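This report concerns only the one structure given below.
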Amino acid sequence: MSTKQKTFQELIEGDTPVLVDFFATWCGPCKMMQPILEDTSRQLGGKVKILKVDVDKNQLVASKFQVRGVPTLILFKKGKILWRESGVVPAHQLIKTIESSVLTSA
């Protein structure tokens with residue numbers, strides 16, 4: 001097993017869907033997303049990877065995907081954007097969206 005860390009690009013180009021949470025540490029709604037993301041991860045298990053990207057520390061990545069507000073969630077599979085949403089997304093809606101996006105794009 002390689003100990004080399006994968007780059008952001010390598011992660012989003014994988015076969016496993018990746019949900020990226022673009023957030024900021026000072027953002028109240030971003031803090032509300034944390035337990036929702038944990039719940040989503042628990043319910044979906046290995047079906048999806050969840051990454052958190054701090055827009056203040058990773059401005060190039062945020063800029064590349066035109067993230068204008070936080071939180072912004074983007075679902076990737078094989079490098080393609082399947083879905084994106086800004087603002088707080090309830091867990092049930094997030095899970096339903098991920099499942100339908102992943103199943104329809106499989």
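FYI, nothing fancy with the structure tokens labels: chains A, B, ... in order, residues from 1 per chain, ligands from 1 as they appear.
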**Prompt:** Which parts of chain A does DSSP call alpha helix (DSSP H) when run on the backbone here, written out as a PyMOL selection string?
**Reply:** chain A and resi 8-12+28-44+59-64+91-105
If we count only C-alpha atoms, what is near Val55 in chain A at a cut-off of 7 Å, once residues fewer than 4 positions away on the same chain are taken out, given as a compact mmCIF listing (two decimals) with C-alpha atoms, in the first residue's frame?
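Here's the written file out-v7.txt:
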# COMPACT_ATOMS: atom_id res chain seq x y z
CA PHE A 22 -16.13 23.57 0.65
CA PHE A 23 -16.25 25.34 4.01
CA ALA A 24 -14.70 28.07 6.15
CA GLN A 59 -8.24 29.19 -2.57
CA ALA A 62 -12.23 26.80 -4.52
**Message:** Given only C-alpha atoms as the basis, pick out the residue of A:Asn58, A:Gln43, A:Ser86, A:Gln34 nearest to Phe8 in chain A.
**Reply:**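 Using only C-alpha atoms, Phe8 in chain A sits closest to A:Asn58.
Minimum atom-to-atom distances from A:Ile36, A:His92, A:Leu60, A:Val102 to Lys78 in chain A were compared using only C-alpha atoms, and the lowest value belongs to A:Val102.
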**Request:** Using DSSP on the backbone coordinates, identify all residues within chain A classified as strand (DSSP E or B); present the result as an NGL selection string.
**Result:** :A and (18-23 or 49-54 or 72-77 or 80-86)
Would you write out those residues with N, CA and C atoms, as a CSV table (one decimal), in the first residue's frame?
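Result written to again_3.csv:
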chain,number,residue,atom,x,y,z
A,18,VAL,N,-17.1,11.1,-4.7
A,18,VAL,CA,-16.6,12.0,-3.6
A,18,VAL,C,-17.4,13.2,-3.4
A,19,LEU,N,-17.9,13.4,-2.2
A,19,LEU,CA,-18.7,14.6,-1.9
A,19,LEU,C,-17.7,15.6,-1.2
A,20,VAL,N,-17.5,16.7,-1.8
A,20,VAL,CA,-16.6,17.7,-1.3
A,20,VAL,C,-17.4,18.8,-0.6
A,21,ASP,N,-17.0,19.1,0.6
A,21,ASP,CA,-17.7,20.2,1.4
A,21,ASP,C,-16.7,21.3,1.4
A,22,PHE,N,-17.0,22.4,0.6
A,22,PHE,CA,-16.1,23.6,0.7
A,22,PHE,C,-16.7,24.4,1.8
A,23,PHE,N,-15.8,24.7,2.8
A,23,PHE,CA,-16.2,25.3,4.0
A,23,PHE,C,-15.2,26.4,4.5
A,49,LYS,N,-17.0,8.9,-0.5
A,49,LYS,CA,-16.0,9.5,0.3
A,49,LYS,C,-16.4,11.0,0.5
A,50,ILE,N,-16.1,11.5,1.7
A,50,ILE,CA,-16.5,12.9,2.0
A,50,ILE,C,-15.2,13.6,2.3
A,51,LEU,N,-14.9,14.7,1.6
A,51,LEU,CA,-13.8,15.5,1.8
A,51,LEU,C,-14.2,16.9,2.3
A,52,LYS,N,-13.4,17.5,3.2
A,52,LYS,CA,-13.7,18.9,3.6
A,52,LYS,C,-12.5,19.7,3.0
A,53,VAL,N,-12.9,20.8,2.4
A,53,VAL,CA,-11.9,21.7,1.8
A,53,VAL,C,-12.1,23.1,2.4
A,54,ASP,N,-11.1,23.6,3.2
A,54,ASP,CA,-11.2,24.9,3.7
A,54,ASP,C,-10.9,25.9,2.6
A,72,THR,N,-20.5,25.0,0.3
A,72,THR,CA,-20.9,24.6,-1.1
A,72,THR,C,-20.5,23.1,-1.1
A,73,LEU,N,-21.4,22.2,-1.5
A,73,LEU,CA,-21.2,20.8,-1.6
A,73,LEU,C,-21.2,20.5,-3.1
A,74,ILE,N,-20.1,19.7,-3.5
A,74,ILE,CA,-20.1,19.2,-4.9
A,74,ILE,C,-19.8,17.7,-4.9
A,75,LEU,N,-20.6,17.0,-5.6
A,75,LEU,CA,-20.5,15.5,-5.7
A,75,LEU,C,-19.8,15.2,-7.0
A,76,PHE,N,-18.6,14.5,-6.9
A,76,PHE,CA,-17.8,14.1,-8.1
A,76,PHE,C,-17.8,12.6,-8.3
A,77,LYS,N,-17.8,12.2,-9.5
A,77,LYS,CA,-17.5,10.8,-9.8
A,77,LYS,C,-16.7,10.8,-11.1
A,80,LYS,N,-16.1,14.0,-12.9
A,80,LYS,CA,-17.2,14.8,-13.4
A,80,LYS,C,-18.1,15.3,-12.2
A,81,ILE,N,-18.6,16.5,-12.3
A,81,ILE,CA,-19.5,17.0,-11.3
A,81,ILE,C,-20.9,16.4,-11.6
A,82,LEU,N,-21.4,15.7,-10.6
A,82,LEU,CA,-22.8,15.1,-10.7
A,82,LEU,C,-23.8,16.0,-10.1
A,83,TRP,N,-23.4,16.8,-9.1
A,83,TRP,CA,-24.4,17.6,-8.4
A,83,TRP,C,-23.6,18.7,-7.6
A,84,ARG,N,-24.2,19.8,-7.4
A,84,ARG,CA,-23.7,20.8,-6.5
A,84,ARG,C,-24.8,21.7,-5.9
A,85,GLU,N,-24.5,22.1,-4.7
A,85,GLU,CA,-25.5,22.9,-3.9
A,85,GLU,C,-24.8,23.8,-2.9
A,86,SER,N,-25.3,25.0,-2.8
A,86,SER,CA,-24.7,25.9,-1.7
A,86,SER,C,-25.7,26.0,-0.6
**Message:** As an exercise, work out the distance from CA of Asp39 in chain A to CA of Trp26 in chain A in Å and give it to one decimal place.
**Reply:** 21.9 Å
**Request:** Can you work out the spacing between CA of Val48 in chain A and CA of Ser100 in chain A in Å, to one decimal?
**Result:** 12.4 Å
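The interatomic distance for the pair CA of Arg42 in chain A and CA of Glu99 in chain A works out to 13.7 Å.
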